[in-house]
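Undergrad: Take a look at this one; I'll ask things after.
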Amino acid sequence: NDAELLLRSLPTLALRYHAHDQASRRLAQWWLGRAEAAVVLHPALPGSPGHAVWQRLCTASAGLFSVVFDERYSAAQVYAFIDALRLFKIGFSWAGPVSLVVPYELSSLRSQPAWPGVLVRFSVGLESVDDLIADLAQALDALR
């Protein structure tokens with residue numbers, strides 16, 4: 001069955017990858033304008049770590065990016081934000097049709113993290129980008 005599922009998905013791979021890429025770029029741009037985000041990590045964004053390498057080697061970026069929340073927000077507040085999301089589900093996968101989110105407390109992963117605060121990894125699915133932005137916007141109320 002695995003081989004059958006793989007073969008069945010190949011004809012739409014380019015379409016799905018393009019959709020993930022476009023949606024993640026739009027969401028990353030949306031986060032850039034948010035005061036809650038200290039850092040937005042997306043390979044297609046100038047200034048993001050690794051952007052020059054990505055620009056030299058790639059034309060698309062798939063649907064994975066991260067946001068480091070401003071350090072004024074506690075881990076509990078960021079978790080409340082995640083719990084308030086309706087379309088994004090909690091999960092450790094990517095490139096699927098459903099948008100996923102996972103929080104990471106950087107200080108618990110590294111002795112000297114590059115940024116203070118809680119990092120949230122987003123895997124953008126195939127939902128409407130406008131709906132995803134509305135979901136993020138309503139969930140940000142949980143930070144307050």
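How things are named: the first chain in the structure tokens is A, the next is B, and so on; residues count from 1 in each chain; ligands count from 1 in the order shown.
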Per DSSP on the backbone, filter stretch 48-121 of chain A down to the residues in alpha helix (DSSP H) and report them as a PDB file with C-alpha atoms, in the first residue's frame.
TA:
ATOM      1  CA  HIS A  51      19.036  32.722   2.779  1.00  0.00           C
ATOM      2  CA  ALA A  52      22.062  33.259   0.511  1.00  0.00           C
ATOM      3  CA  VAL A  53      22.586  29.505   0.166  1.00  0.00           C
ATOM      4  CA  TRP A  54      18.878  28.944  -0.427  1.00  0.00           C
ATOM      5  CA  GLN A  55      18.818  31.701  -3.056  1.00  0.00           C
ATOM      6  CA  ARG A  56      21.776  30.173  -4.878  1.00  0.00           C
ATOM      7  CA  LEU A  57      20.452  26.601  -4.856  1.00  0.00           C
ATOM      8  CA  ALA A  75       6.167  29.692  27.296  1.00  0.00           C
ATOM      9  CA  ALA A  76       2.737  29.384  28.928  1.00  0.00           C
ATOM     10  CA  GLN A  77       1.437  32.288  26.840  1.00  0.00           C
ATOM     11  CA  VAL A  78       2.820  30.789  23.633  1.00  0.00           C
ATOM     12  CA  TYR A  79       1.251  27.435  24.525  1.00  0.00           C
ATOM     13  CA  ALA A  80      -2.066  29.242  25.068  1.00  0.00           C
ATOM     14  CA  PHE A  81      -1.671  30.737  21.579  1.00  0.00           C
ATOM     15  CA  ILE A  82      -1.132  27.258  20.145  1.00  0.00           C
ATOM     16  CA  ASP A  83      -4.109  25.856  22.058  1.00  0.00           C
ATOM     17  CA  ALA A  84      -6.274  28.660  20.635  1.00  0.00           C
ATOM     18  CA  LEU A 106      15.032  27.102  22.835  1.00  0.00           C
ATOM     19  CA  SER A 107      16.653  27.393  26.261  1.00  0.00           C
ATOM     20  CA  SER A 108      15.782  23.754  26.966  1.00  0.00           C
ATOM     21  CA  LEU A 109      17.353  22.611  23.687  1.00  0.00           C
TER      22      LEU A 109
END
Undergrad: Using only C-alpha atoms, pick whichever of A:Ala3, A:Ala95, A:Ala142, A:Val67 has the shortest atom-to-atom distance to A:Trp30.
TA: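 Once distances to A:Trp30 are computed over only C-alpha atoms, the minimum belongs to A:Val67.
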Undergrad: Contacts of stretch 114-125 of chain A at 8 Å or less, counting only C-alpha atoms, minus same-chain residues fewer than 2 places along, as an MDAnalysis selection string?
TA: chainID A and resid 20 23:24 63:75 78 93:107 112 127
Undergrad: Take the residues from that selection and write them out as a compact mmCIF listing (two decimals), in the first residue's frame, keeping N, CA, C and O atoms.
TA:
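Result saved to part_22.txt:
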# COMPACT_ATOMS: atom_id res chain seq x y z
N HIS A 20 2.32 24.82 -1.12
CA HIS A 20 2.97 24.94 0.19
C HIS A 20 3.94 26.12 0.20
O HIS A 20 3.97 26.91 1.14
N ALA A 23 2.03 29.57 0.09
CA ALA A 23 1.33 29.82 1.35
C ALA A 23 2.30 30.14 2.47
O ALA A 23 2.07 31.06 3.27
N SER A 24 3.41 29.39 2.56
CA SER A 24 4.36 29.64 3.65
C SER A 24 5.03 31.00 3.49
O SER A 24 5.27 31.70 4.48
N GLY A 63 6.75 24.35 2.70
CA GLY A 63 5.82 24.99 3.62
C GLY A 63 6.28 25.09 5.05
O GLY A 63 5.47 25.28 5.95
N LEU A 64 7.56 24.97 5.30
CA LEU A 64 8.07 24.93 6.67
C LEU A 64 8.78 26.23 7.01
O LEU A 64 9.64 26.69 6.26
N PHE A 65 8.39 26.83 8.13
CA PHE A 65 9.09 28.01 8.63
C PHE A 65 8.86 28.10 10.13
O PHE A 65 8.05 27.39 10.69
N SER A 66 9.62 29.00 10.78
CA SER A 66 9.51 29.14 12.23
C SER A 66 9.40 30.60 12.63
O SER A 66 9.88 31.49 11.92
N VAL A 67 8.80 30.81 13.78
CA VAL A 67 8.68 32.13 14.38
C VAL A 67 9.20 32.03 15.80
O VAL A 67 8.80 31.13 16.54
N VAL A 68 10.10 32.94 16.17
CA VAL A 68 10.53 33.05 17.55
C VAL A 68 9.72 34.18 18.16
O VAL A 68 9.78 35.32 17.69
N PHE A 69 8.93 33.85 19.15
CA PHE A 69 8.09 34.86 19.80
C PHE A 69 8.96 35.78 20.64
O PHE A 69 9.97 35.37 21.20
N ASP A 70 8.54 37.02 20.69
CA ASP A 70 9.24 38.01 21.50
C ASP A 70 9.38 37.47 22.92
O ASP A 70 8.46 36.85 23.45
N GLU A 71 10.52 37.74 23.54
CA GLU A 71 10.81 37.17 24.85
C GLU A 71 9.88 37.67 25.96
O GLU A 71 9.85 37.11 27.05
N ARG A 72 9.11 38.72 25.69
CA ARG A 72 8.16 39.18 26.71
C ARG A 72 7.01 38.20 26.90
O ARG A 72 6.29 38.27 27.89
N TYR A 73 6.87 37.24 25.97
CA TYR A 73 5.83 36.22 26.09
C TYR A 73 6.42 34.96 26.71
O TYR A 73 7.41 34.41 26.22
N SER A 74 5.78 34.50 27.77
CA SER A 74 6.25 33.29 28.44
C SER A 74 5.89 32.05 27.61
O SER A 74 5.05 32.12 26.70
N ALA A 75 6.50 30.95 27.96
CA ALA A 75 6.17 29.69 27.30
C ALA A 75 4.69 29.38 27.49
O ALA A 75 4.02 28.92 26.56
N VAL A 78 2.68 31.34 24.99
CA VAL A 78 2.82 30.79 23.63
C VAL A 78 2.03 29.49 23.51
O VAL A 78 1.36 29.25 22.50
N SER A 93 5.11 16.69 11.63
CA SER A 93 5.28 16.28 10.24
C SER A 93 5.30 17.51 9.36
O SER A 93 5.18 18.63 9.84
N TRP A 94 5.47 17.32 8.08
CA TRP A 94 5.36 18.44 7.15
C TRP A 94 5.01 17.92 5.77
O TRP A 94 5.09 16.74 5.50
N ALA A 95 4.59 18.85 4.91
CA ALA A 95 4.24 18.58 3.51
C ALA A 95 2.91 17.85 3.36
O ALA A 95 2.61 17.35 2.29
N GLY A 96 2.10 17.84 4.40
CA GLY A 96 0.79 17.22 4.28
C GLY A 96 -0.27 18.28 3.99
O GLY A 96 0.02 19.47 3.92
N PRO A 97 -1.51 17.86 3.84
CA PRO A 97 -2.58 18.80 3.51
C PRO A 97 -3.06 19.63 4.69
O PRO A 97 -3.70 20.65 4.51
N VAL A 98 -2.73 19.22 5.91
CA VAL A 98 -3.19 19.91 7.11
C VAL A 98 -2.03 20.71 7.72
O VAL A 98 -0.92 20.20 7.86
N SER A 99 -2.29 21.96 8.08
CA SER A 99 -1.27 22.80 8.69
C SER A 99 -1.00 22.34 10.12
O SER A 99 -1.94 22.01 10.85
N LEU A 100 0.29 22.32 10.47
CA LEU A 100 0.72 21.84 11.78
C LEU A 100 1.57 22.88 12.47
O LEU A 100 2.17 23.75 11.84
N VAL A 101 1.67 22.77 13.78
CA VAL A 101 2.46 23.68 14.59
C VAL A 101 3.08 22.90 15.75
O VAL A 101 2.46 21.97 16.28
N VAL A 102 4.32 23.28 16.11
CA VAL A 102 5.01 22.66 17.24
C VAL A 102 5.84 23.73 17.95
O VAL A 102 6.60 24.44 17.29
N PRO A 103 5.71 23.84 19.28
CA PRO A 103 6.54 24.80 20.01
C PRO A 103 7.83 24.16 20.50
O PRO A 103 7.89 22.96 20.75
N TYR A 104 8.86 25.00 20.62
CA TYR A 104 10.13 24.56 21.17
C TYR A 104 10.65 25.65 22.11
O TYR A 104 10.74 26.81 21.72
N GLU A 105 10.97 25.28 23.32
CA GLU A 105 11.62 26.22 24.23
C GLU A 105 13.12 26.13 23.95
O GLU A 105 13.77 25.15 24.30
N LEU A 106 13.64 27.14 23.29
CA LEU A 106 15.03 27.10 22.83
C LEU A 106 16.02 26.92 23.97
O LEU A 106 17.02 26.23 23.83
N SER A 107 15.72 27.51 25.13
CA SER A 107 16.65 27.39 26.26
C SER A 107 16.73 25.96 26.78
O SER A 107 17.73 25.59 27.40
N GLN A 112 23.19 27.79 24.83
CA GLN A 112 23.26 29.19 24.42
C GLN A 112 22.42 29.36 23.16
O GLN A 112 22.95 29.38 22.04
N GLU A 127 -4.77 24.48 3.23
CA GLU A 127 -5.95 25.27 3.53
C GLU A 127 -5.82 26.66 2.89
O GLU A 127 -4.74 27.06 2.47
Undergrad: With only C-alpha atoms as the atoms that count, which of A:Pro11, A:Asp135, A:Ala28, A:Ala35 lies nearest to A:Ser48?
TA: A:Ala28
Undergrad: Can you measure atom CA of A:Phe88 to atom CA of A:His42 for me? One decimal in Å is fine.
TA: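 Atom CA of A:Phe88 sits 18.0 Å away from atom CA of A:His42.
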